[in-house]
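Source file: coords_27.pdb (PDB, C-alpha atoms and all ligand atoms)
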```
ATOM      1  CA  MET A   1     253.233  16.560  80.958
ATOM      2  CA  THR A   2     256.860  17.645  80.619
ATOM      3  CA  SER A   3     258.187  20.407  82.826
ATOM      4  CA  PRO A   4     258.928  23.822  81.287
ATOM      5  CA  THR A   5     262.385  23.667  82.861
ATOM      6  CA  THR A   6     263.195  20.597  80.783
ATOM      7  CA  ASP A   7     261.618  21.873  77.582
ATOM      8  CA  VAL A   8     263.831  24.947  77.279
ATOM      9  CA  PHE A   9     266.842  22.700  76.698
ATOM     10  CA  ASP A  10     265.048  20.473  74.179
ATOM     11  CA  ILE A  11     266.913  19.968  70.884
ATOM     12  CA  THR A  12     265.074  16.815  69.800
ATOM     13  CA  GLY A  13     265.024  16.548  66.014
ATOM     14  CA  LYS A  14     267.372  19.511  65.490
ATOM     15  CA  ARG A  15     269.852  19.180  62.631
ATOM     16  CA  ALA A  16     273.438  20.016  63.568
ATOM     17  CA  LEU A  17     276.857  20.130  61.949
ATOM     18  CA  VAL A  18     279.743  19.825  64.428
ATOM     19  CA  THR A  19     283.230  20.323  63.007
ATOM     20  CA  GLY A  20     286.297  18.755  64.576
ATOM     21  CA  ALA A  21     284.141  15.948  65.966
ATOM     22  CA  SER A  22     286.658  13.123  65.539
ATOM     23  CA  ARG A  23     287.967  13.661  69.093
ATOM     24  CA  GLY A  24     288.104  16.123  71.993
ATOM     25  CA  ILE A  25     285.512  18.826  72.546
ATOM     26  CA  GLY A  26     283.854  18.369  69.134
ATOM     27  CA  ARG A  27     283.269  14.677  69.758
ATOM     28  CA  ALA A  28     281.826  15.426  73.214
ATOM     29  CA  ILE A  29     279.438  18.016  71.744
ATOM     30  CA  ALA A  30     278.360  15.731  68.872
ATOM     31  CA  LEU A  31     277.645  12.898  71.352
ATOM     32  CA  ALA A  32     275.737  15.240  73.674
ATOM     33  CA  PHE A  33     273.596  16.508  70.806
ATOM     34  CA  ALA A  34     272.840  12.960  69.615
ATOM     35  CA  GLY A  35     272.124  11.976  73.225
ATOM     36  CA  ALA A  36     269.615  14.828  73.360
ATOM     37  CA  GLY A  37     267.850  13.590  70.214
ATOM     38  CA  ALA A  38     269.497  15.703  67.516
ATOM     39  CA  HIS A  39     270.635  14.479  64.101
ATOM     40  CA  VAL A  40     274.313  15.369  63.776
ATOM     41  CA  VAL A  41     276.850  15.449  60.981
ATOM     42  CA  ALA A  42     280.289  15.050  62.558
ATOM     43  CA  ALA A  43     283.055  16.486  60.355
ATOM     44  CA  ALA A  44     286.856  16.209  60.516
ATOM     45  CA  ARG A  45     289.669  14.748  58.389
ATOM     46  CA  THR A  46     290.089  11.311  59.971
ATOM     47  CA  GLU A  47     287.385   8.926  58.794
ATOM     48  CA  GLU A  48     288.216   6.102  61.232
ATOM     49  CA  ALA A  49     287.972   8.420  64.250
ATOM     50  CA  LEU A  50     284.706   9.876  62.941
ATOM     51  CA  LYS A  51     283.299   6.342  62.620
ATOM     52  CA  GLU A  52     284.217   5.814  66.268
ATOM     53  CA  THR A  53     282.357   9.021  67.213
ATOM     54  CA  ALA A  54     279.299   7.761  65.320
ATOM     55  CA  SER A  55     279.488   4.301  66.897
ATOM     56  CA  LEU A  56     279.572   5.841  70.383
ATOM     57  CA  ALA A  57     276.124   7.271  69.582
ATOM     58  CA  ALA A  58     274.705   3.968  68.343
ATOM     59  CA  ASP A  59     272.220   3.714  71.237
ATOM     60  CA  ALA A  60     271.415   7.438  71.414
ATOM     61  CA  PRO A  61     267.953   8.781  70.658
ATOM     62  CA  GLY A  62     269.514  10.921  67.933
ATOM     63  CA  LYS A  63     272.010   9.940  65.251
ATOM     64  CA  ILE A  64     275.480  10.830  63.976
ATOM     65  CA  ASP A  65     276.445  10.744  60.305
ATOM     66  CA  ILE A  66     280.027  11.494  59.339
ATOM     67  CA  LEU A  67     281.755  13.753  56.833
ATOM     68  CA  ALA A  68     285.477  13.204  56.275
ATOM     69  CA  THR A  69     286.915  16.409  54.881
ATOM     70  CA  ASP A  70     289.734  18.911  55.344
ATOM     71  CA  LEU A  71     288.014  22.178  56.259
ATOM     72  CA  ARG A  72     291.069  24.371  55.729
ATOM     73  CA  THR A  73     290.312  25.442  52.173
ATOM     74  CA  PRO A  74     287.326  27.739  51.525
ATOM     75  CA  GLU A  75     286.062  25.367  48.845
ATOM     76  CA  SER A  76     285.925  22.361  51.172
ATOM     77  CA  ALA A  77     284.521  24.434  54.044
ATOM     78  CA  GLU A  78     281.660  25.682  51.886
ATOM     79  CA  ALA A  79     281.060  22.243  50.377
ATOM     80  CA  ALA A  80     280.842  20.768  53.902
ATOM     81  CA  ILE A  81     277.872  22.995  54.729
ATOM     82  CA  HIS A  82     275.915  21.985  51.629
ATOM     83  CA  SER A  83     276.802  18.328  52.082
ATOM     84  CA  ALA A  84     275.685  18.372  55.741
ATOM     85  CA  ALA A  85     272.448  20.180  54.852
ATOM     86  CA  GLU A  86     271.732  17.546  52.213
ATOM     87  CA  THR A  87     272.350  14.683  54.663
ATOM     88  CA  LEU A  88     270.266  16.345  57.383
ATOM     89  CA  GLY A  89     267.521  17.814  55.170
ATOM     90  CA  GLY A  90     268.453  21.329  56.357
ATOM     91  CA  LEU A  91     270.565  22.832  59.105
ATOM     92  CA  ASP A  92     269.515  24.297  62.467
ATOM     93  CA  ILE A  93     272.811  24.353  64.392
ATOM     94  CA  LEU A  94     276.380  24.981  63.236
ATOM     95  CA  VAL A  95     279.211  24.346  65.695
ATOM     96  CA  ASN A  96     282.499  25.773  64.404
ATOM     97  CA  ASN A  97     284.928  23.787  66.547
ATOM     98  CA  ALA A  98     287.727  22.375  64.338
ATOM     99  CA  ALA A  99     291.010  24.137  65.002
ATOM    100  CA  ASP A 100     294.744  23.852  64.906
ATOM    101  CA  ASP A 101     297.379  25.174  67.290
ATOM    102  CA  HIS A 102     301.028  26.225  67.292
ATOM    103  CA  ASP A 103     303.483  26.896  70.041
ATOM    104  CA  SER A 104     306.227  29.388  69.231
ATOM    105  CA  SER A 105     307.155  33.043  69.527
ATOM    106  CA  ILE A 106     306.364  35.419  66.673
ATOM    107  CA  GLU A 107     310.015  35.453  65.542
ATOM    108  CA  LYS A 108     310.048  31.676  65.300
ATOM    109  CA  THR A 109     306.660  31.367  63.576
ATOM    110  CA  ASP A 110     306.769  31.222  59.782
ATOM    111  CA  LEU A 111     304.149  33.133  57.833
ATOM    112  CA  ALA A 112     302.981  29.774  56.471
ATOM    113  CA  VAL A 113     302.179  28.623  60.012
ATOM    114  CA  PHE A 114     300.286  31.847  60.728
ATOM    115  CA  GLN A 115     298.302  31.365  57.520
ATOM    116  CA  ARG A 116     297.607  27.684  58.253
ATOM    117  CA  VAL A 117     296.217  28.471  61.702
ATOM    118  CA  VAL A 118     294.158  31.463  60.582
ATOM    119  CA  GLU A 119     292.767  29.608  57.560
ATOM    120  CA  LEU A 120     291.266  26.870  59.729
ATOM    121  CA  ASN A 121     290.560  28.647  63.021
ATOM    122  CA  LEU A 122     289.066  31.822  61.561
ATOM    123  CA  GLN A 123     288.600  31.854  57.790
ATOM    124  CA  SER A 124     286.874  28.473  57.544
ATOM    125  CA  CYS A 125     284.483  29.452  60.386
ATOM    126  CA  TRP A 126     283.591  32.631  58.492
ATOM    127  CA  VAL A 127     283.145  30.734  55.209
ATOM    128  CA  MET A 128     280.983  28.048  56.833
ATOM    129  CA  THR A 129     278.830  30.581  58.648
ATOM    130  CA  LYS A 130     278.301  32.512  55.416
ATOM    131  CA  ALA A 131     277.416  29.326  53.502
ATOM    132  CA  ALA A 132     275.041  28.251  56.291
ATOM    133  CA  ALA A 133     272.989  31.480  56.169
ATOM    134  CA  GLN A 134     270.393  30.160  53.738
ATOM    135  CA  TYR A 135     269.708  27.112  55.927
ATOM    136  CA  LEU A 136     269.911  28.735  59.373
ATOM    137  CA  LYS A 137     267.600  31.595  58.415
ATOM    138  CA  ASP A 138     264.988  29.091  57.286
ATOM    139  CA  GLY A 139     263.133  28.720  60.586
ATOM    140  CA  GLY A 140     265.684  30.135  63.025
ATOM    141  CA  GLY A 141     269.060  28.660  63.836
ATOM    142  CA  LYS A 142     272.098  28.757  66.068
ATOM    143  CA  VAL A 143     275.792  29.249  65.421
ATOM    144  CA  ILE A 144     278.168  28.217  68.205
ATOM    145  CA  ASN A 145     281.779  29.212  67.704
ATOM    146  CA  ILE A 146     284.262  27.393  69.912
ATOM    147  CA  ALA A 147     286.744  30.156  70.638
ATOM    148  CA  SER A 148     289.068  30.208  73.677
ATOM    149  CA  VAL A 149     290.007  32.343  76.643
ATOM    150  CA  LEU A 150     292.818  33.218  74.229
ATOM    151  CA  GLY A 151     290.160  35.087  72.255
ATOM    152  CA  LEU A 152     289.879  37.401  75.258
ATOM    153  CA  VAL A 153     293.448  37.696  76.541
ATOM    154  CA  GLY A 154     296.940  36.934  75.299
ATOM    155  CA  MET A 155     299.508  34.318  76.313
ATOM    156  CA  LEU A 156     303.165  33.784  75.455
ATOM    157  CA  ASP A 157     304.187  32.108  72.194
ATOM    158  CA  ASN A 158     300.844  31.588  70.461
ATOM    159  CA  SER A 159     300.250  34.729  68.379
ATOM    160  CA  ALA A 160     298.597  33.142  65.313
ATOM    161  CA  TYR A 161     296.152  31.110  67.416
ATOM    162  CA  ILE A 162     295.406  34.123  69.606
ATOM    163  CA  ALA A 163     294.846  36.364  66.568
ATOM    164  CA  ALA A 164     292.471  33.803  65.058
ATOM    165  CA  LYS A 165     290.486  33.327  68.282
ATOM    166  CA  HIS A 166     290.164  37.095  68.849
ATOM    167  CA  GLY A 167     288.971  37.297  65.225
ATOM    168  CA  LEU A 168     286.446  34.517  65.782
ATOM    169  CA  LEU A 169     284.892  36.482  68.639
ATOM    170  CA  GLY A 170     284.718  39.477  66.284
ATOM    171  CA  VAL A 171     282.890  37.383  63.696
ATOM    172  CA  THR A 172     280.554  36.130  66.452
ATOM    173  CA  LYS A 173     279.535  39.676  67.413
ATOM    174  CA  ALA A 174     279.329  41.008  63.840
ATOM    175  CA  VAL A 175     277.196  38.186  62.425
ATOM    176  CA  ALA A 176     275.020  38.131  65.556
ATOM    177  CA  LEU A 177     274.030  41.732  64.781
ATOM    178  CA  GLU A 178     273.459  41.035  61.082
ATOM    179  CA  TRP A 179     271.166  38.083  61.852
ATOM    180  CA  ALA A 180     269.534  39.314  65.069
ATOM    181  CA  ARG A 181     266.196  39.995  63.373
ATOM    182  CA  ALA A 182     266.353  36.852  61.268
ATOM    183  CA  GLY A 183     265.916  34.590  64.297
ATOM    184  CA  VAL A 184     269.465  33.244  64.216
ATOM    185  CA  GLN A 185     271.586  33.481  67.355
ATOM    186  CA  VAL A 186     275.374  33.539  67.048
ATOM    187  CA  ASN A 187     277.343  32.930  70.240
ATOM    188  CA  ALA A 188     280.712  31.562  71.315
ATOM    189  CA  ILE A 189     282.125  29.352  74.028
ATOM    190  CA  ALA A 190     285.540  30.231  75.429
ATOM    191  CA  PRO A 191     287.177  27.174  76.994
ATOM    192  CA  GLY A 192     290.186  27.356  79.276
ATOM    193  CA  PHE A 193     292.602  24.407  79.442
ATOM    194  CA  VAL A 194     290.877  21.200  78.315
ATOM    195  CA  ASP A 195     292.342  17.706  78.545
ATOM    196  CA  THR A 196     292.566  16.981  74.802
ATOM    197  CA  ALA A 197     295.249  16.232  72.224
ATOM    198  CA  MET A 198     295.475  19.952  71.459
ATOM    199  CA  ILE A 199     297.337  20.833  74.639
ATOM    200  CA  GLY A 200     299.384  17.612  74.917
ATOM    201  CA  ASN A 201     299.290  14.645  77.262
ATOM    202  CA  LEU A 202     298.434  15.743  80.791
ATOM    203  CA  LYS A 203     298.881  12.221  82.153
ATOM    204  CA  GLU A 204     302.435  11.816  80.859
ATOM    205  CA  ASP A 205     303.746  15.388  80.871
ATOM    206  CA  GLU A 206     303.985  16.407  84.539
ATOM    207  CA  ALA A 207     305.461  19.838  83.711
ATOM    208  CA  LEU A 208     302.417  20.591  81.542
ATOM    209  CA  ALA A 209     299.979  19.215  84.135
ATOM    210  CA  SER A 210     301.579  21.295  86.860
ATOM    211  CA  TYR A 211     301.440  24.447  84.668
ATOM    212  CA  VAL A 212     297.721  23.868  83.991
ATOM    213  CA  ARG A 213     296.984  23.332  87.705
ATOM    214  CA  LYS A 214     298.880  26.487  88.637
ATOM    215  CA  LYS A 215     297.268  28.673  85.973
ATOM    216  CA  THR A 216     293.669  27.492  86.561
ATOM    217  CA  PRO A 217     291.946  28.626  89.763
ATOM    218  CA  MET A 218     289.981  25.362  89.921
ATOM    219  CA  GLY A 219     293.326  23.530  89.885
ATOM    220  CA  ARG A 220     292.670  21.229  86.933
ATOM    221  CA  ALA A 221     291.949  21.093  83.214
ATOM    222  CA  ALA A 222     288.369  20.586  82.024
ATOM    223  CA  GLN A 223     287.266  17.305  80.518
ATOM    224  CA  PRO A 224     285.790  17.656  76.986
ATOM    225  CA  GLU A 225     282.398  16.475  78.296
ATOM    226  CA  GLU A 226     282.175  19.633  80.430
ATOM    227  CA  TYR A 227     281.396  21.558  77.208
ATOM    228  CA  ALA A 228     278.294  19.448  76.483
ATOM    229  CA  GLY A 229     276.015  21.445  78.799
ATOM    230  CA  PRO A 230     277.152  24.884  77.585
ATOM    231  CA  ALA A 231     276.765  23.734  73.955
ATOM    232  CA  ILE A 232     273.255  22.353  74.559
ATOM    233  CA  PHE A 233     272.324  25.619  76.265
ATOM    234  CA  LEU A 234     273.486  27.638  73.234
ATOM    235  CA  ALA A 235     271.818  25.200  70.800
ATOM    236  CA  SER A 236     268.467  25.185  72.607
ATOM    237  CA  PRO A 237     265.539  27.588  73.158
ATOM    238  CA  ALA A 238     267.067  28.356  76.589
ATOM    239  CA  SER A 239     269.399  30.838  74.843
ATOM    240  CA  ASP A 240     266.893  32.333  72.384
ATOM    241  CA  PHE A 241     267.346  35.909  73.707
ATOM    242  CA  MET A 242     271.144  35.677  73.788
ATOM    243  CA  THR A 243     273.251  36.633  70.804
ATOM    244  CA  GLY A 244     276.744  37.964  70.105
ATOM    245  CA  GLN A 245     277.961  36.716  73.490
ATOM    246  CA  VAL A 246     280.793  34.611  74.830
ATOM    247  CA  LEU A 247     280.138  31.884  77.382
ATOM    248  CA  VAL A 248     283.422  31.569  79.258
ATOM    249  CA  VAL A 249     283.926  28.057  80.666
ATOM    250  CA  ASP A 250     287.481  28.153  81.962
ATOM    251  CA  GLY A 251     287.650  27.029  85.612
ATOM    252  CA  GLY A 252     288.160  30.660  86.605
ATOM    253  CA  TYR A 253     291.177  31.335  84.337
ATOM    254  CA  SER A 254     289.909  34.682  83.022
ATOM    255  CA  ALA A 255     288.649  35.868  86.425
ATOM    256  CA  GLN A 256     292.228  36.369  87.649
TER     257      GLN A 256
HETATM  258  N1  LIG B 301     292.040  21.931  74.463
HETATM  259  C1  LIG B 301     292.067  23.136  74.970
HETATM  260  O1  LIG B 301     292.720  23.388  76.013
HETATM  261  C2  LIG B 301     291.301  24.259  74.321
HETATM  262  C3  LIG B 301     291.281  25.496  74.978
HETATM  263  C4  LIG B 301     290.590  26.540  74.415
HETATM  264  C5  LIG B 301     289.921  26.349  73.214
HETATM  265  N2  LIG B 301     289.964  25.155  72.593
HETATM  266  C6  LIG B 301     289.259  25.041  71.323
HETATM  267  O2  LIG B 301     288.350  23.953  71.362
HETATM  268  C7  LIG B 301     288.173  23.442  70.049
HETATM  269  C8  LIG B 301     288.368  21.943  70.056
HETATM  270  O3  LIG B 301     289.706  21.667  70.448
HETATM  271  P1  LIG B 301     290.158  20.292  71.115
HETATM  272  O4  LIG B 301     290.882  20.659  72.330
HETATM  273  O5  LIG B 301     289.020  19.348  71.157
HETATM  274  O6  LIG B 301     291.250  19.866  70.028
HETATM  275  P2  LIG B 301     291.619  18.472  69.365
HETATM  276  O7  LIG B 301     291.412  17.349  70.300
HETATM  277  O8  LIG B 301     292.966  18.680  68.767
HETATM  278  O9  LIG B 301     290.538  18.345  68.206
HETATM  279  C9  LIG B 301     290.594  19.156  67.070
HETATM  280  C10 LIG B 301     289.564  18.645  66.074
HETATM  281  O10 LIG B 301     289.662  19.428  64.873
HETATM  282  C11 LIG B 301     289.805  18.545  63.768
HETATM  283  N3  LIG B 301     290.602  19.170  62.717
HETATM  284  C12 LIG B 301     291.883  19.616  62.812
HETATM  285  N4  LIG B 301     292.289  20.094  61.632
HETATM  286  C13 LIG B 301     291.244  19.949  60.768
HETATM  287  C14 LIG B 301     291.043  20.250  59.402
HETATM  288  N5  LIG B 301     292.032  20.811  58.657
HETATM  289  N6  LIG B 301     289.863  19.972  58.831
HETATM  290  C15 LIG B 301     288.873  19.390  59.561
HETATM  291  N7  LIG B 301     288.990  19.098  60.874
HETATM  292  C16 LIG B 301     290.168  19.368  61.468
HETATM  293  C17 LIG B 301     290.487  17.305  64.354
HETATM  294  O11 LIG B 301     290.215  16.152  63.612
HETATM  295  P3  LIG B 301     291.137  15.525  62.453
HETATM  296  O12 LIG B 301     292.555  15.565  62.938
HETATM  297  O13 LIG B 301     290.577  14.151  62.301
HETATM  298  O14 LIG B 301     290.908  16.373  61.242
HETATM  299  C18 LIG B 301     289.796  17.193  65.697
HETATM  300  O15 LIG B 301     288.545  16.553  65.554
HETATM  301  C19 LIG B 301     289.165  24.203  69.166
HETATM  302  O16 LIG B 301     288.500  25.248  68.515
HETATM  303  C20 LIG B 301     290.167  24.739  70.153
HETATM  304  O17 LIG B 301     290.809  25.884  69.668
HETATM  305  C21 LIG B 301     290.633  24.092  73.117
END
```
Represent the structure contained in this file as structure tokens.
Ligand SMILES: NC(=O)c1ccc[n+]([C@@H]2O[C@H](COP(=O)([O-])OP(=O)(O)OC[C@H]3O[C@@H](n4cnc5c(N)ncnc54)[C@H](OP(=O)(O)O)[C@@H]3O)[C@@H](O)[C@H]2O)c1
Amino acid sequence: MTSPTTDVFDITGKRALVTGASRGIGRAIALAFAGAGAHVVAAARTEEALKETASLAADAPGKIDILATDLRTPESAEAAIHSAAETLGGLDILVNNAADDHDSSIEKTDLAVFQRVVELNLQSCWVMTKAAAQYLKDGGGKVINIASVLGLVGMLDNSAYIAAKHGLLGVTKAVALEWARAGVQVNAIAPGFVDTAMIGNLKEDEALASYVRKKTPMGRAAQPEEYAGPAIFLASPASDFMTGQVLVVDGGYSAQ
């Protein structure tokens, strides 16, 4: 007999699409889901890196299929949902994780950069969530939006990213209410600094590493794998009475 404590985190056989799964947090979540017995479609632009993600799950109880696509345009974002649902035979879990960053003041940021960031980090998440409705509502599903502490507070020189992440938390709350009685939970994770390509190279850039240590109460960046547990929680029955919420996993950053 299995213990009830274990069962609440069970996602065996669940069908999940994880975007931005060619590296970083998305890869860690895709591998965790496959390790927990889910069937995953890992999406991103770089086919070789996606193949590596899939090969890392070769011995897992679940499985990872790949989908090489640029999710920036609404057409490709919508097509990705239908393609994943066809591969998986439905869709139970959507993880909107793919994102882009920029690093300049508002005066130095071109409108084109603002649009590029918002198109991927906000618009494509909205489009994919909308396209996933028909699948997620068929038996109850989960949407997990990977936002940021920069969806809660500001920071210097990152206005497009910050606008998009604040918007993503707005979408999380709004769609959670719309789907609350349809058995679909919509929640977000807000990471703090994570040791991925997005923030740069912490091993080689001592100024960056020192900034991250100083800004984070726990004195370090997270590793991508530290988002596996929070994602499994939000994908599993353990979070069935939780919707429209943000799980902040930031080493204490936002508690300051
Ligand atoms: N790292 C941090 O400190 C941090 C902090 C807070 C929040 N976050 C959030 O966590 C999430 C994951 O970030 P990360 O740190 O893991 O970043 P990352 O290592 O840069 O990974 C980003 C992922 O998104 C994919 N991607 C980028 N542009 C894409 C596009 N146009 N179409 C499809 N896929 C695309 C990338 O793959 P391809 O290049 O192969 O397309 C990659 O798999 C993001 O939402 C980010 O905003 C990160």
Which protein, DNA or RNA residues have an atom within 8 Å of ligand LIG 301 (chain B), counting all atoms listed in the file, as a tab-separated table (two decimals) with C-alpha atoms, in the frame of the given file?
```tsv
chain	number	residue	atom	x	y	z
A	19	THR	CA	283.23	20.32	63.01
A	20	GLY	CA	286.30	18.76	64.58
A	21	ALA	CA	284.14	15.95	65.97
A	22	SER	CA	286.66	13.12	65.54
A	23	ARG	CA	287.97	13.66	69.09
A	24	GLY	CA	288.10	16.12	71.99
A	25	ILE	CA	285.51	18.83	72.55
A	26	GLY	CA	283.85	18.37	69.13
A	27	ARG	CA	283.27	14.68	69.76
A	43	ALA	CA	283.06	16.49	60.36
A	44	ALA	CA	286.86	16.21	60.52
A	45	ARG	CA	289.67	14.75	58.39
A	46	THR	CA	290.09	11.31	59.97
A	47	GLU	CA	287.38	8.93	58.79
A	49	ALA	CA	287.97	8.42	64.25
A	50	LEU	CA	284.71	9.88	62.94
A	68	ALA	CA	285.48	13.20	56.28
A	69	THR	CA	286.92	16.41	54.88
A	70	ASP	CA	289.73	18.91	55.34
A	71	LEU	CA	288.01	22.18	56.26
A	72	ARG	CA	291.07	24.37	55.73
A	96	ASN	CA	282.50	25.77	64.40
A	97	ASN	CA	284.93	23.79	66.55
A	98	ALA	CA	287.73	22.38	64.34
A	99	ALA	CA	291.01	24.14	65.00
A	100	ASP	CA	294.74	23.85	64.91
A	101	ASP	CA	297.38	25.17	67.29
A	120	LEU	CA	291.27	26.87	59.73
A	121	ASN	CA	290.56	28.65	63.02
A	145	ASN	CA	281.78	29.21	67.70
A	146	ILE	CA	284.26	27.39	69.91
A	147	ALA	CA	286.74	30.16	70.64
A	148	SER	CA	289.07	30.21	73.68
A	149	VAL	CA	290.01	32.34	76.64
A	150	LEU	CA	292.82	33.22	74.23
A	161	TYR	CA	296.15	31.11	67.42
A	165	LYS	CA	290.49	33.33	68.28
A	190	ALA	CA	285.54	30.23	75.43
A	191	PRO	CA	287.18	27.17	76.99
A	192	GLY	CA	290.19	27.36	79.28
A	193	PHE	CA	292.60	24.41	79.44
A	194	VAL	CA	290.88	21.20	78.32
A	195	ASP	CA	292.34	17.71	78.54
A	196	THR	CA	292.57	16.98	74.80
A	197	ALA	CA	295.25	16.23	72.22
A	198	MET	CA	295.48	19.95	71.46
A	199	ILE	CA	297.34	20.83	74.64
A	221	ALA	CA	291.95	21.09	83.21
A	222	ALA	CA	288.37	20.59	82.02
A	224	PRO	CA	285.79	17.66	76.99
```
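In this structure, CA of Gly244 in chain A sits 23.6 Å away from CA of Val40 in chain A.
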Residues selected by the PyMOL selection byres (((chain A and resi 18) around 6) and not hetatm), written as a PyMOL selection string: chain A and resi 17+19+42+95
The PyMOL selection byres (((chain A and resi 128) around 12) and not hetatm) applied to the shown file, residues as a ChimeraX atom specification: /A:17-19,71-85,91,93-98,119-127,129-136,143-145,171
Residue with smallest distance to Lys215 in chain A - pool A:Thr87, A:Gln115, A:Ser105, A:Gln256, counting all atoms listed in the file: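 Going through A:Thr87, A:Gln115, A:Ser105, A:Gln256 one by one, the smallest distance to Lys215 in chain A is for A:Gln256.
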Nearest to Thr53 in chain A, chosen from A:Ala32, A:Ala16, A:Asp110, A:Thr172, with all atoms listed in the file counted in the distances: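 Using all atoms listed in the file, the shortest distance to Thr53 in chain A belongs to A:Ala32.
Of note, CA of Val8 in chain A and CA of Phe233 in chain A are spaced 8.6 Å apart.
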Nearest to Gly167 in chain A by atom-to-atom distance, counting only C-alpha atoms, from A:Lys137, A:Val118, A:Ile189, A:Thr243: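 Result for the nearest residue to Gly167 in chain A: A:Val118.
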CA of Lys14 in chain A to CA of Gly140 in chain A, distance in Å rounded to a single decimal: 11.0 Å
Find the spatial neighbours of Leu177 in chain A, counting all atoms listed in the file, within a cut-off of 12 Å - ignore same-chain residues fewer than 6 positions away - and output them as a PDB file with C-alpha atoms, in the coordinates of the input.
```pdb
ATOM      1  CA  GLY A 170     284.718  39.477  66.284  1.00  0.00           C
ATOM      2  CA  VAL A 171     282.890  37.383  63.696  1.00  0.00           C
ATOM      3  CA  GLY A 183     265.916  34.590  64.297  1.00  0.00           C
ATOM      4  CA  VAL A 184     269.465  33.244  64.216  1.00  0.00           C
ATOM      5  CA  GLN A 185     271.586  33.481  67.355  1.00  0.00           C
ATOM      6  CA  VAL A 186     275.374  33.539  67.048  1.00  0.00           C
ATOM      7  CA  ASN A 187     277.343  32.930  70.240  1.00  0.00           C
ATOM      8  CA  MET A 242     271.144  35.677  73.788  1.00  0.00           C
ATOM      9  CA  THR A 243     273.251  36.633  70.804  1.00  0.00           C
ATOM     10  CA  GLY A 244     276.744  37.964  70.105  1.00  0.00           C
ATOM     11  CA  GLN A 245     277.961  36.716  73.490  1.00  0.00           C
TER      12      GLN A 245
END
```
Residue nearest Ala188 in chain A - candidates A:Ala30, A:Val153, A:Ile64, A:Val246, atoms counted: all atoms listed in the file: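 The answer is A:Val246, which sits nearest to Ala188 in chain A.
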Which residue of A:Leu56, A:Tyr253, A:Leu247, A:Ser236 approaches Phe9 in chain A most closely, using all atoms listed in the file: A:Ser236
Selected residue of minimal separation from Ser159 in chain A among A:Ala176, A:Leu202, A:Ile106, A:Leu208, counting all atoms listed in the file: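 Result for the nearest residue to Ser159 in chain A: A:Ile106.
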Resolved residues for the PyMOL selection byres (((chain A and resi 251) around 7) and not hetatm) as a PDB file with C-alpha atoms, in the frame of the given file:
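The resulting file, result25.pdb, is shown below:
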```pdb
ATOM      1  CA  GLY A 192     290.186  27.356  79.276  1.00  0.00           C
ATOM      2  CA  THR A 216     293.669  27.492  86.561  1.00  0.00           C
ATOM      3  CA  PRO A 217     291.946  28.626  89.763  1.00  0.00           C
ATOM      4  CA  MET A 218     289.981  25.362  89.921  1.00  0.00           C
ATOM      5  CA  VAL A 249     283.926  28.057  80.666  1.00  0.00           C
ATOM      6  CA  ASP A 250     287.481  28.153  81.962  1.00  0.00           C
ATOM      7  CA  GLY A 252     288.160  30.660  86.605  1.00  0.00           C
ATOM      8  CA  TYR A 253     291.177  31.335  84.337  1.00  0.00           C
TER       9      TYR A 253
END
```
Residue contacts of Ala36 in chain A (8 Å, only C-alpha atoms) excluding same-chain residues fewer than 6 positions away, as a list in words: Asp10, Ile11, Thr12, Ala60, Pro61 and Gly62 of chain A
